[in-house]
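Enquirer: Structure supplied as coords01.csv; contents: CSV, C-alpha atoms and all ligand atoms.
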```
chain,number,residue,atom,x,y,z
H,29,ALA,CA,0.0,0.0,0.0
H,30,ALA,CA,2.9,2.4,0.8
H,31,ALA,CA,4.2,1.8,-2.7
H,32,VAL,CA,1.1,3.2,-4.5
H,33,LYS,CA,1.2,6.1,-2.2
H,34,GLY,CA,4.8,6.8,-3.3
H,35,GLY,CA,6.1,6.2,0.2
H,36,PHE,CA,3.8,8.7,1.7
H,37,PRO,CA,1.5,7.8,4.6
H,38,THR,CA,-1.6,9.0,2.7
H,39,PHE,CA,-2.8,9.5,-0.9
H,40,MET,CA,-3.5,13.1,-0.1
H,41,GLU,CA,0.1,13.8,1.1
H,42,LYS,CA,1.4,12.1,-2.1
H,43,GLU,CA,-0.9,14.1,-4.2
H,44,ILE,CA,0.1,17.4,-2.6
H,45,HIS,CA,3.7,16.4,-3.5
H,46,ASP,CA,2.6,15.5,-7.0
H,47,GLN,CA,1.5,19.1,-7.6
H,48,PRO,CA,4.6,20.5,-9.3
H,49,LYS,CA,4.4,17.7,-11.8
H,50,ALA,CA,0.6,18.1,-12.3
H,51,VAL,CA,1.1,21.7,-13.3
H,52,ALA,CA,4.2,20.9,-15.5
H,53,ASP,CA,2.4,18.1,-17.2
H,54,THR,CA,-0.7,20.3,-17.9
H,55,LEU,CA,1.6,22.9,-19.5
H,56,LEU,CA,3.5,20.3,-21.5
H,57,GLY,CA,3.3,20.1,-25.3
H,58,ARG,CA,0.9,23.0,-25.5
H,59,THR,CA,3.2,25.6,-27.0
H,60,ASP,CA,5.0,25.8,-30.3
H,61,GLY,CA,8.4,26.8,-28.8
H,62,HIS,CA,8.0,30.4,-30.0
H,63,GLY,CA,5.7,31.6,-27.3
H,64,ASN,CA,2.4,30.6,-28.9
H,65,LEU,CA,-0.2,28.3,-27.6
H,66,VAL,CA,-1.3,25.3,-29.7
H,67,LEU,CA,-4.5,23.7,-28.5
H,68,ASP,CA,-5.5,21.8,-31.6
H,69,GLU,CA,-7.0,19.1,-29.4
H,70,LEU,CA,-9.9,21.4,-28.7
H,71,ARG,CA,-11.7,20.4,-31.9
H,72,ILE,CA,-13.8,23.5,-31.8
H,73,ASP,CA,-14.2,25.9,-34.6
H,74,GLU,CA,-11.9,28.9,-33.9
H,75,ALA,CA,-14.4,31.2,-35.4
H,76,ILE,CA,-16.8,30.2,-32.6
H,77,LEU,CA,-14.2,30.9,-30.0
H,78,ARG,CA,-13.5,34.3,-31.6
H,79,SER,CA,-17.2,35.3,-31.5
H,80,VAL,CA,-17.9,34.2,-27.9
H,81,ASP,CA,-19.3,37.2,-26.0
H,82,LYS,CA,-19.8,35.6,-22.6
H,83,ILE,CA,-18.3,32.8,-20.6
H,84,ILE,CA,-20.1,30.9,-17.9
H,85,VAL,CA,-18.0,28.6,-15.8
H,86,ILE,CA,-19.9,25.8,-14.1
H,87,ALA,CA,-18.5,23.3,-11.6
H,88,CYS,CA,-18.9,22.0,-8.0
H,89,GLY,CA,-16.8,22.0,-5.0
H,90,THR,CA,-13.1,22.7,-5.4
H,91,ALA,CA,-13.4,22.8,-9.2
H,92,ALA,CA,-15.8,25.7,-8.8
H,93,TYR,CA,-13.0,27.6,-7.0
H,94,ALA,CA,-10.7,26.9,-9.9
H,95,GLY,CA,-13.4,28.5,-12.0
H,96,HIS,CA,-13.4,31.5,-9.7
H,97,VAL,CA,-9.7,32.0,-10.3
H,98,ALA,CA,-10.3,31.6,-14.1
H,99,LYS,CA,-12.7,34.5,-14.0
H,100,TYR,CA,-10.1,37.0,-12.8
H,101,ALA,CA,-7.6,35.8,-15.4
H,102,ILE,CA,-9.9,35.5,-18.4
H,103,GLU,CA,-11.6,38.8,-17.8
H,104,HIS,CA,-8.3,40.6,-17.4
H,105,TRP,CA,-6.6,39.0,-20.5
H,106,CYS,CA,-9.6,38.8,-22.9
H,107,ARG,CA,-12.2,41.4,-21.7
H,108,ILE,CA,-14.8,38.7,-22.1
H,109,PRO,CA,-17.3,38.8,-19.2
H,110,VAL,CA,-17.0,35.6,-17.2
H,111,GLU,CA,-19.6,34.3,-14.7
H,112,VAL,CA,-18.9,31.5,-12.3
H,113,GLU,CA,-21.7,29.4,-11.0
H,114,LEU,CA,-22.2,26.2,-9.1
H,115,ALA,CA,-23.6,23.7,-11.6
H,116,HIS,CA,-26.7,22.9,-9.6
H,117,GLU,CA,-27.6,26.5,-9.2
H,118,PHE,CA,-27.1,27.2,-12.9
H,119,ARG,CA,-29.3,24.2,-13.9
H,120,TYR,CA,-32.4,25.2,-12.0
H,121,ARG,CA,-32.6,28.9,-12.5
H,122,ASP,CA,-33.2,30.5,-15.9
H,123,PRO,CA,-29.7,31.5,-17.1
H,124,VAL,CA,-29.2,33.7,-20.1
H,125,VAL,CA,-27.4,31.4,-22.5
H,126,ASN,CA,-27.2,31.4,-26.3
H,127,GLU,CA,-25.0,30.5,-29.3
H,128,LYS,CA,-22.5,33.2,-28.3
H,129,THR,CA,-22.1,31.8,-24.8
H,130,LEU,CA,-19.2,29.5,-24.0
H,131,VAL,CA,-19.8,27.3,-21.1
H,132,VAL,CA,-16.7,26.1,-19.4
H,133,ALA,CA,-17.4,23.0,-17.3
H,134,ILE,CA,-14.6,22.0,-14.8
H,135,SER,CA,-14.4,18.6,-13.3
H,136,GLN,CA,-11.8,16.3,-12.0
H,137,SER,CA,-13.8,13.1,-12.4
H,138,GLY,CA,-15.9,14.1,-15.3
H,139,GLU,CA,-18.7,12.2,-13.6
H,140,THR,CA,-20.3,14.8,-11.3
H,141,MET,CA,-24.0,14.5,-12.0
H,142,ASP,CA,-24.8,18.1,-11.1
H,143,THR,CA,-22.2,19.3,-13.7
H,144,ILE,CA,-23.5,16.8,-16.3
H,145,MET,CA,-27.0,18.0,-15.9
H,146,ALA,CA,-25.9,21.6,-16.3
H,147,ILE,CA,-23.9,20.8,-19.4
H,148,ARG,CA,-27.0,19.2,-21.0
H,149,HIS,CA,-29.1,22.2,-20.1
H,150,ALA,CA,-26.5,24.6,-21.6
H,151,ARG,CA,-26.2,22.7,-24.9
H,152,GLU,CA,-30.0,22.5,-25.2
H,153,GLN,CA,-30.0,26.4,-25.1
H,154,GLY,CA,-27.4,26.4,-28.0
H,155,ALA,CA,-24.3,27.1,-26.0
H,156,LYS,CA,-21.0,25.5,-26.8
H,157,VAL,CA,-19.5,23.6,-23.9
H,158,LEU,CA,-15.7,23.3,-23.3
H,159,ALA,CA,-14.8,20.9,-20.5
H,160,VAL,CA,-11.7,21.1,-18.4
H,161,VAL,CA,-11.5,17.5,-17.2
H,162,ASN,CA,-8.9,15.2,-15.7
H,163,THR,CA,-10.4,11.8,-16.6
H,164,HIS,CA,-10.1,10.6,-20.2
H,165,GLY,CA,-13.3,9.2,-21.7
H,166,SER,CA,-15.4,10.4,-18.8
H,167,THR,CA,-19.1,11.4,-19.3
H,168,ILE,CA,-18.3,15.1,-19.2
H,169,ALA,CA,-15.5,14.7,-21.7
H,170,ARG,CA,-17.8,12.8,-24.1
H,171,GLU,CA,-20.8,15.1,-23.8
H,172,SER,CA,-18.9,18.4,-24.3
H,173,ASP,CA,-18.1,20.1,-27.6
H,174,ALA,CA,-14.5,20.4,-26.7
H,175,VAL,CA,-12.1,19.1,-24.0
H,176,LEU,CA,-9.0,20.7,-22.5
H,177,TYR,CA,-7.6,17.9,-20.4
H,178,THR,CA,-5.7,18.5,-17.1
H,179,HIS,CA,-2.8,16.1,-16.7
H,180,ALA,CA,-2.9,15.7,-13.0
H,181,GLY,CA,-2.9,11.9,-13.1
H,182,PRO,CA,-5.3,9.9,-11.1
H,183,GLU,CA,-6.4,11.6,-7.9
H,184,VAL,CA,-7.4,9.2,-5.1
H,185,ALA,CA,-7.9,11.2,-2.0
H,186,VAL,CA,-11.4,12.5,-1.7
H,187,ALA,CA,-10.3,16.1,-1.0
H,188,SER,CA,-9.0,17.5,-4.3
H,189,THR,CA,-5.4,19.0,-4.4
H,190,LYS,CA,-3.4,18.3,-7.5
H,191,ALA,CA,-6.5,18.3,-9.7
H,192,PHE,CA,-7.2,21.9,-8.4
H,193,LEU,CA,-3.8,23.2,-9.4
H,194,ALA,CA,-4.0,21.5,-12.8
H,195,GLN,CA,-7.5,23.0,-13.3
H,196,ILE,CA,-6.3,26.5,-12.5
H,197,THR,CA,-3.3,26.0,-14.9
H,198,ALA,CA,-5.6,24.8,-17.7
H,199,CYS,CA,-7.8,27.8,-17.2
H,200,TYR,CA,-4.8,30.1,-17.6
H,201,LEU,CA,-4.0,28.3,-20.8
H,202,LEU,CA,-7.6,28.7,-22.0
H,203,GLY,CA,-7.5,32.4,-21.2
H,204,LEU,CA,-4.2,33.0,-22.9
H,205,TYR,CA,-5.4,31.0,-25.9
H,206,LEU,CA,-8.6,33.0,-26.2
H,207,SER,CA,-6.5,36.1,-26.1
H,208,GLN,CA,-4.2,34.8,-28.8
H,209,LEU,CA,-7.1,33.8,-31.0
H,210,ARG,CA,-8.7,37.2,-30.6
H,211,GLY,CA,-5.5,39.1,-31.5
H,212,ASN,CA,-4.0,39.8,-28.0
H,213,LYS,CA,-5.7,43.1,-27.8
H,214,TYR,CA,-5.4,43.3,-24.0
H,215,VAL,CA,-2.2,41.4,-23.3
H,216,ASP,CA,1.2,42.6,-24.3
H,217,GLU,CA,2.6,39.2,-25.0
H,218,VAL,CA,1.2,35.7,-24.3
H,219,ALA,CA,4.8,34.5,-24.4
H,220,GLY,CA,5.7,36.3,-21.2
H,221,TYR,CA,2.9,34.8,-19.3
H,222,LEU,CA,3.7,31.3,-20.6
H,223,GLU,CA,7.3,31.8,-19.4
H,224,GLU,CA,6.0,32.8,-16.0
H,225,LEU,CA,3.7,29.8,-15.9
H,226,GLY,CA,6.7,27.6,-16.7
H,227,LYS,CA,8.4,28.7,-13.5
H,228,LEU,CA,5.5,27.7,-11.3
H,229,PRO,CA,6.3,24.0,-10.8
H,230,ALA,CA,9.6,25.0,-9.1
H,231,LYS,CA,7.9,27.6,-7.0
H,232,ILE,CA,5.2,25.1,-5.9
H,233,GLN,CA,8.0,22.7,-5.0
H,234,GLN,CA,9.6,25.5,-2.9
H,235,VAL,CA,6.4,25.9,-0.9
H,236,ILE,CA,6.2,22.1,-0.4
H,237,ASP,CA,9.8,22.1,0.8
H,238,GLY,CA,8.7,24.3,3.7
H,239,GLU,CA,5.9,22.0,4.8
H,240,GLU,CA,7.3,21.1,8.2
H,241,ASN,CA,6.8,24.7,9.4
H,242,VAL,CA,3.1,24.6,8.4
H,243,LYS,CA,2.6,21.1,9.9
H,244,GLU,CA,4.0,22.2,13.2
H,245,VAL,CA,1.6,25.1,13.4
H,246,ALA,CA,-1.3,22.9,12.4
H,247,ARG,CA,-0.5,20.3,15.1
H,248,SER,CA,-0.5,23.1,17.7
H,249,MET,CA,-4.0,24.0,16.6
H,250,LYS,CA,-5.7,20.6,16.7
H,251,ASP,CA,-8.2,21.8,19.3
H,252,ALA,CA,-9.4,24.8,17.3
H,253,THR,CA,-13.2,24.9,16.8
H,254,SER,CA,-13.4,27.6,14.2
H,255,VAL,CA,-10.9,29.1,11.7
H,256,LEU,CA,-11.5,32.0,9.3
H,257,PHE,CA,-9.9,32.7,6.0
H,258,LEU,CA,-9.6,36.1,4.3
H,259,GLY,CA,-8.5,36.9,0.8
H,260,ARG,CA,-9.0,39.5,-1.8
H,261,HIS,CA,-8.9,39.3,-5.6
H,262,VAL,CA,-7.6,35.9,-6.6
H,263,GLY,CA,-6.8,35.4,-2.9
H,264,TYR,CA,-10.6,35.2,-2.3
H,265,PRO,CA,-11.2,31.8,-4.0
H,266,VAL,CA,-8.0,30.6,-2.2
H,267,ALA,CA,-9.6,31.6,1.1
H,268,LEU,CA,-12.7,29.6,0.1
H,269,GLU,CA,-10.7,26.6,-0.8
H,270,GLY,CA,-8.6,26.8,2.4
H,271,ALA,CA,-11.9,26.7,4.4
H,272,LEU,CA,-13.3,23.9,2.4
H,273,LYS,CA,-10.2,21.8,2.9
H,274,LEU,CA,-10.4,22.3,6.7
H,275,LYS,CA,-14.1,21.4,6.8
H,276,GLU,CA,-13.7,18.3,4.7
H,277,LEU,CA,-10.7,16.9,6.4
H,278,ALA,CA,-10.7,18.2,10.0
H,279,TYR,CA,-14.4,18.7,10.6
H,280,ILE,CA,-13.7,22.1,11.9
H,281,HIS,CA,-16.1,25.0,11.3
H,282,ALA,CA,-14.2,27.1,8.7
H,283,GLU,CA,-15.3,29.9,6.5
H,284,GLY,CA,-13.7,31.9,3.8
H,285,PHE,CA,-14.5,35.5,3.2
H,286,ALA,CA,-13.6,38.2,0.7
H,287,ALA,CA,-11.3,40.4,2.8
H,288,GLY,CA,-13.2,43.6,1.8
H,289,GLU,CA,-16.4,42.1,3.2
H,290,LEU,CA,-14.8,41.9,6.7
H,291,LYS,CA,-16.3,45.1,8.0
H,292,HIS,CA,-19.7,44.2,6.5
H,293,GLY,CA,-20.2,41.4,8.9
H,294,PRO,CA,-17.5,38.8,9.6
H,295,ILE,CA,-15.5,41.1,11.8
H,296,ALA,CA,-18.2,40.5,14.5
H,297,LEU,CA,-16.9,37.0,14.8
H,298,ILE,CA,-13.5,38.1,15.9
H,299,ASP,CA,-12.6,37.7,19.5
H,300,GLU,CA,-9.6,36.8,21.6
H,301,GLY,CA,-7.6,34.0,20.0
H,302,GLN,CA,-9.8,33.4,16.9
H,303,PRO,CA,-7.5,32.0,14.3
H,304,VAL,CA,-7.6,33.9,11.0
H,305,PHE,CA,-5.7,33.0,7.9
H,306,VAL,CA,-5.0,36.0,5.6
H,307,ILE,CA,-3.9,35.5,2.0
H,308,VAL,CA,-1.9,38.6,1.1
H,309,PRO,CA,-1.5,39.8,-2.6
H,310,THR,CA,1.9,40.7,-3.8
H,311,PRO,CA,3.3,44.1,-2.7
H,312,ARG,CA,3.9,44.8,-6.4
H,313,ARG,CA,0.2,45.6,-6.5
H,314,PRO,CA,0.4,48.3,-3.8
H,315,THR,CA,-3.3,49.2,-3.6
H,316,LEU,CA,-4.5,45.7,-3.3
H,317,HIS,CA,-1.7,44.8,-0.9
H,318,ALA,CA,-2.3,47.7,1.4
H,319,LYS,CA,-6.0,46.9,1.8
H,320,VAL,CA,-5.3,43.4,2.9
H,321,VAL,CA,-2.5,44.4,5.2
H,322,SER,CA,-4.9,46.7,7.0
H,323,ASN,CA,-7.4,43.8,7.3
H,324,ILE,CA,-4.7,41.9,9.1
H,325,GLN,CA,-4.3,44.8,11.4
H,326,GLU,CA,-8.0,45.2,12.0
H,327,VAL,CA,-8.5,41.5,13.1
H,328,ARG,CA,-5.3,41.5,15.1
H,329,ALA,CA,-6.5,44.6,17.0
H,330,ARG,CA,-9.6,42.6,18.0
H,331,GLY,CA,-7.6,39.7,19.4
H,332,ALA,CA,-7.4,37.4,16.4
H,333,ARG,CA,-4.4,35.1,16.0
H,334,THR,CA,-3.2,35.9,12.5
H,335,LEU,CA,-1.7,33.3,10.2
H,336,VAL,CA,-0.5,35.1,7.1
H,337,ILE,CA,0.5,33.8,3.7
H,338,ALA,CA,2.7,36.4,2.0
H,339,GLU,CA,5.3,36.7,-0.6
H,340,GLU,CA,9.0,36.5,0.2
H,341,GLY,CA,10.3,39.9,1.0
H,342,ASP,CA,7.0,41.3,2.0
H,343,GLU,CA,8.0,42.8,5.3
H,344,ALA,CA,4.9,45.0,5.7
H,345,VAL,CA,3.0,42.0,7.1
H,346,THR,CA,5.4,40.9,9.8
H,347,GLU,CA,4.4,43.4,12.4
H,348,PHE,CA,0.8,42.1,12.5
H,349,ALA,CA,1.3,38.4,11.9
H,350,ASP,CA,1.5,35.8,14.6
H,351,VAL,CA,2.7,33.3,12.0
H,352,VAL,CA,3.9,34.0,8.4
H,353,PHE,CA,4.1,31.3,5.7
H,354,ARG,CA,6.1,32.5,2.8
H,355,VAL,CA,5.5,31.9,-0.9
H,356,PRO,CA,7.9,32.8,-3.8
H,357,GLN,CA,7.3,36.0,-5.9
H,358,THR,CA,4.7,35.2,-8.5
H,359,PRO,CA,2.6,37.3,-10.9
H,360,THR,CA,-0.6,38.3,-9.2
H,361,LEU,CA,-3.0,36.3,-11.2
H,362,MET,CA,-0.9,33.1,-10.8
H,363,MET,CA,-0.6,33.4,-7.0
H,364,PRO,CA,-3.3,30.8,-6.2
H,365,LEU,CA,-0.9,28.1,-7.5
H,366,VAL,CA,1.4,28.8,-4.6
H,367,THR,CA,-0.8,30.4,-1.9
H,368,VAL,CA,-3.2,27.5,-1.7
H,369,VAL,CA,-0.5,24.9,-1.0
H,370,PRO,CA,0.2,25.9,2.7
H,371,LEU,CA,-3.6,25.7,3.3
H,372,GLN,CA,-3.8,22.1,1.9
H,373,ILE,CA,-0.8,21.1,4.1
H,374,PHE,CA,-2.4,22.8,7.1
H,375,ALA,CA,-5.7,20.9,6.7
H,376,LEU,CA,-3.9,17.6,6.1
H,377,ALA,CA,-1.7,18.0,9.2
H,378,LEU,CA,-4.4,19.2,11.5
H,379,ALA,CA,-6.7,16.3,10.5
H,380,SER,CA,-3.8,13.8,10.9
H,381,ALA,CA,-3.1,15.3,14.4
H,382,LYS,CA,-6.7,14.6,15.3
H,383,GLY,CA,-6.3,11.0,14.1
H,384,LEU,CA,-8.8,11.4,11.2
H,385,ASP,CA,-8.8,9.5,7.9
H,386,VAL,CA,-7.6,12.2,5.5
H,387,ASP,CA,-8.1,10.1,2.4
H,388,GLN,CA,-11.6,9.1,3.2
H,389,PRO,CA,-13.3,11.8,5.3
H,390,ARG,CA,-16.7,10.9,6.7
H,391,ASN,CA,-19.8,11.4,4.6
H,392,LEU,CA,-18.0,12.5,1.5
H,393,ALA,CA,-17.6,10.8,-1.9
H,394,LYS,CA,-14.8,11.4,-4.4
H,395,SER,CA,-17.3,11.8,-7.2
H,396,VAL,CA,-20.9,12.6,-6.5
H,397,THR,CA,-22.8,10.8,-9.2
H,398,VAL,CA,-26.3,11.7,-8.1
H,399,GLU,CA,-28.0,15.1,-8.3
F,401,LIG,C1,-16.9,16.1,-4.6
F,401,LIG,C2,-15.5,15.9,-4.2
F,401,LIG,C3,-14.7,17.3,-4.3
F,401,LIG,C4,-14.8,17.8,-5.7
F,401,LIG,C5,-16.3,17.9,-6.2
F,401,LIG,C6,-16.3,18.1,-7.7
F,401,LIG,O1,-17.6,17.0,-3.8
F,401,LIG,O2,-15.5,15.5,-2.8
F,401,LIG,O3,-13.4,17.1,-3.9
F,401,LIG,O4,-14.2,19.0,-5.8
F,401,LIG,O5,-17.0,16.7,-6.0
F,401,LIG,O6,-15.9,17.0,-8.3
F,401,LIG,P1,-15.4,16.9,-9.8
F,401,LIG,O7,-14.9,15.5,-10.1
F,401,LIG,O8,-16.5,17.3,-10.7
F,401,LIG,O9,-14.2,17.9,-10.0
```
The structure in this file should be written as structure tokens.
Ligand code: G6P
Expert:
Amino acid sequence: AAAVKGGFPTFMEKEIHDQPKAVADTLLGRTDGHGNLVLDELRIDEAILRSVDKIIVIACGTAAYAGHVAKYAIEHWCRIPVEVELAHEFRYRDPVVNEKTLVVAISQSGETMDTIMAIRHAREQGAKVLAVVNTHGSTIARESDAVLYTHAGPEVAVASTKAFLAQITACYLLGLYLSQLRGNKYVDEVAGYLEELGKLPAKIQQVIDGEENVKEVARSMKDATSVLFLGRHVGYPVALEGALKLKELAYIHAEGFAAGELKHGPIALIDEGQPVFVIVPTPRRPTLHAKVVSNIQEVRARGARTLVIAEEGDEAVTEFADVVFRVPQTPTLMMPLVTVVPLQIFALALASAKGLDVDQPRNLAKSVTVE
């Protein structure tokens, strides 16, 4: 059994360690060597992709948070409006969908029934469906107009880790590809972004190499009953994912918030000793950065214990942080690929410290094949 887990005690731990490769493999073979993306595998008419005037991302669970990251990137790079919606909510309202809508369905298994039903509904309304899927030949891959595969390899642990990073990576490729097809009107050069993406596997590895530090903090918090997560911009979906991981694995009440929402409600939850994770954007985006740093200050002033995820060299956070987890410098839109990793390790280590089964958490299924 240890062999299939690559020598790790659990599949989840192995899969966290597989992440640099999952990202590298998802990037592999998709460029022409001259800084252009080649996604011939999409088998979808380029003219259709050029004429798309709206994108709706549908997914469930962790995959939906990958879609949330995709929204920030695709809107910035392509100026195409992107909505992100949980597949089951999309299916049973009355969404505005037509021939010019591209529905992007994200799924690790390709078998999530809520997502399948939403795809069928979208296609009936005339939308084209492009699936970002990890499992070859799965129902979602077969029922979609086009497939962009993630190459994360088989994911066994119920809680998704490497599939999430691969999904985000594939969404970046999709965004850059749409930009390229549409004449790169809003992006200086796709090549530069591709080069940055190519550096991500090594950066993710660097975060994993620092795991002992995260595990130690997690073990010291095994009696926590509530943990909050704050993030802004692409840090927001990371906060949501960090909270989801902790619920799924450690059965602790955890909630993610948009940091800007703090004063509109969540700050009332803060009292002495309340653990709060804060995902801090790069200081190279000073306006964004300053706002989140002041959020750390605000919760700290009310007694919170602050666990801060910040870039190397970001000294502005140290004064208000009880604990700092460092990530390498990364372009803003790509930060989720590094900032989520400490949160995965944290949830894994805390659940292990509680003696829980991290690969098979109670009540959950790897793939939910009923609506
Ligand atoms: C279940 C799993 C989650 C996963 C979600 C979507 O809830 O427990 O880990 O994120 O389904 O699954 P999919 O296979 O569609 O990505």
Enquirer: Give me the residues near Ala101 in chain H as a ChimeraX atom specification, where near means some atom within 12 Å (using only C-alpha atoms) and where sequence neighbours in that chain fewer than 6 positions away do not count.
Expert: /H:94-95,107-110,196-207,214-215,221,261-262,359-364
Enquirer: Restricting the calculation to all atoms listed in the file: of H:Glu399, H:Asp350, H:Glu69, H:Asp251, which residue gets closest to ligand LIG 401 (chain F)?
Expert: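 Ranked by minimum distance to ligand LIG 401 (chain F), first place goes to H:Glu399.
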Enquirer: Around ligand LIG 401 (chain F), which protein and nucleic acid residues have at least one atom no more than 6 Å from it, if we count only C-alpha atoms and all ligand atoms? List them as a PyMOL selection string.
Expert: chain H and resi 88-91+135-138+140+186-188+392-396
Enquirer: Quick one: distance from CA of Gly211 in chain H to CA of Gln357 in chain H in Å, one decimal?
Expert: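 For CA of Gly211 in chain H relative to CA of Gln357 in chain H, the distance reads 28.8 Å.
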Enquirer: For range 229-238 of chain H, please output as a ChimeraX atom specification all residues within 10 Å (counting all atoms listed in the file; exclusion window: fewer than 2 positions along the same chain).
Expert: /H:44-53,55,193,225-227,240-243,353-358,365-370,373
Enquirer: Take the selection from the previous step and output its residues with C-alpha atoms, as a tab-separated table (two decimals), keeping the file's coordinate frame.
Expert:
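Ended up saving to part_24.tsv:
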```
chain	number	residue	atom	x	y	z
H	44	ILE	CA	0.10	17.40	-2.60
H	45	HIS	CA	3.70	16.40	-3.50
H	46	ASP	CA	2.60	15.50	-7.00
H	47	GLN	CA	1.50	19.10	-7.60
H	48	PRO	CA	4.60	20.50	-9.30
H	49	LYS	CA	4.40	17.70	-11.80
H	50	ALA	CA	0.60	18.10	-12.30
H	51	VAL	CA	1.10	21.70	-13.30
H	52	ALA	CA	4.20	20.90	-15.50
H	53	ASP	CA	2.40	18.10	-17.20
H	55	LEU	CA	1.60	22.90	-19.50
H	193	LEU	CA	-3.80	23.20	-9.40
H	225	LEU	CA	3.70	29.80	-15.90
H	226	GLY	CA	6.70	27.60	-16.70
H	227	LYS	CA	8.40	28.70	-13.50
H	240	GLU	CA	7.30	21.10	8.20
H	241	ASN	CA	6.80	24.70	9.40
H	242	VAL	CA	3.10	24.60	8.40
H	243	LYS	CA	2.60	21.10	9.90
H	353	PHE	CA	4.10	31.30	5.70
H	354	ARG	CA	6.10	32.50	2.80
H	355	VAL	CA	5.50	31.90	-0.90
H	356	PRO	CA	7.90	32.80	-3.80
H	357	GLN	CA	7.30	36.00	-5.90
H	358	THR	CA	4.70	35.20	-8.50
H	365	LEU	CA	-0.90	28.10	-7.50
H	366	VAL	CA	1.40	28.80	-4.60
H	367	THR	CA	-0.80	30.40	-1.90
H	368	VAL	CA	-3.20	27.50	-1.70
H	369	VAL	CA	-0.50	24.90	-1.00
H	370	PRO	CA	0.20	25.90	2.70
H	373	ILE	CA	-0.80	21.10	4.10
```
Enquirer: What does the distance between CA of Ser172 in chain H and CA of Asn212 in chain H come to in Å, to one decimal place?
Expert: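 One can read the CA of Ser172 in chain H to CA of Asn212 in chain H distance as 26.3 Å.
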Enquirer: Using all atoms listed in the file, find the one residue out of H:Ala278, H:Asn391, H:Phe374, H:Ala219 that sits nearest to Gly63 in chain H.
Expert: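 Nearest to Gly63 in chain H: H:Ala219.
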Enquirer: Could you work out how far CA of Thr397 in chain H lies from CA of Leu130 in chain H, giving the answer in Å with one decimal?
Expert: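 Taking CA of Leu130 in chain H as the start and CA of Thr397 in chain H as the end point, the length is 24.1 Å.
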Enquirer: For Gly331 in chain H, please output as number ranges by chain all residues within 8 Å (counting only C-alpha atoms; exclusion window: fewer than 5 positions along the same chain).
Expert: H: 298-302
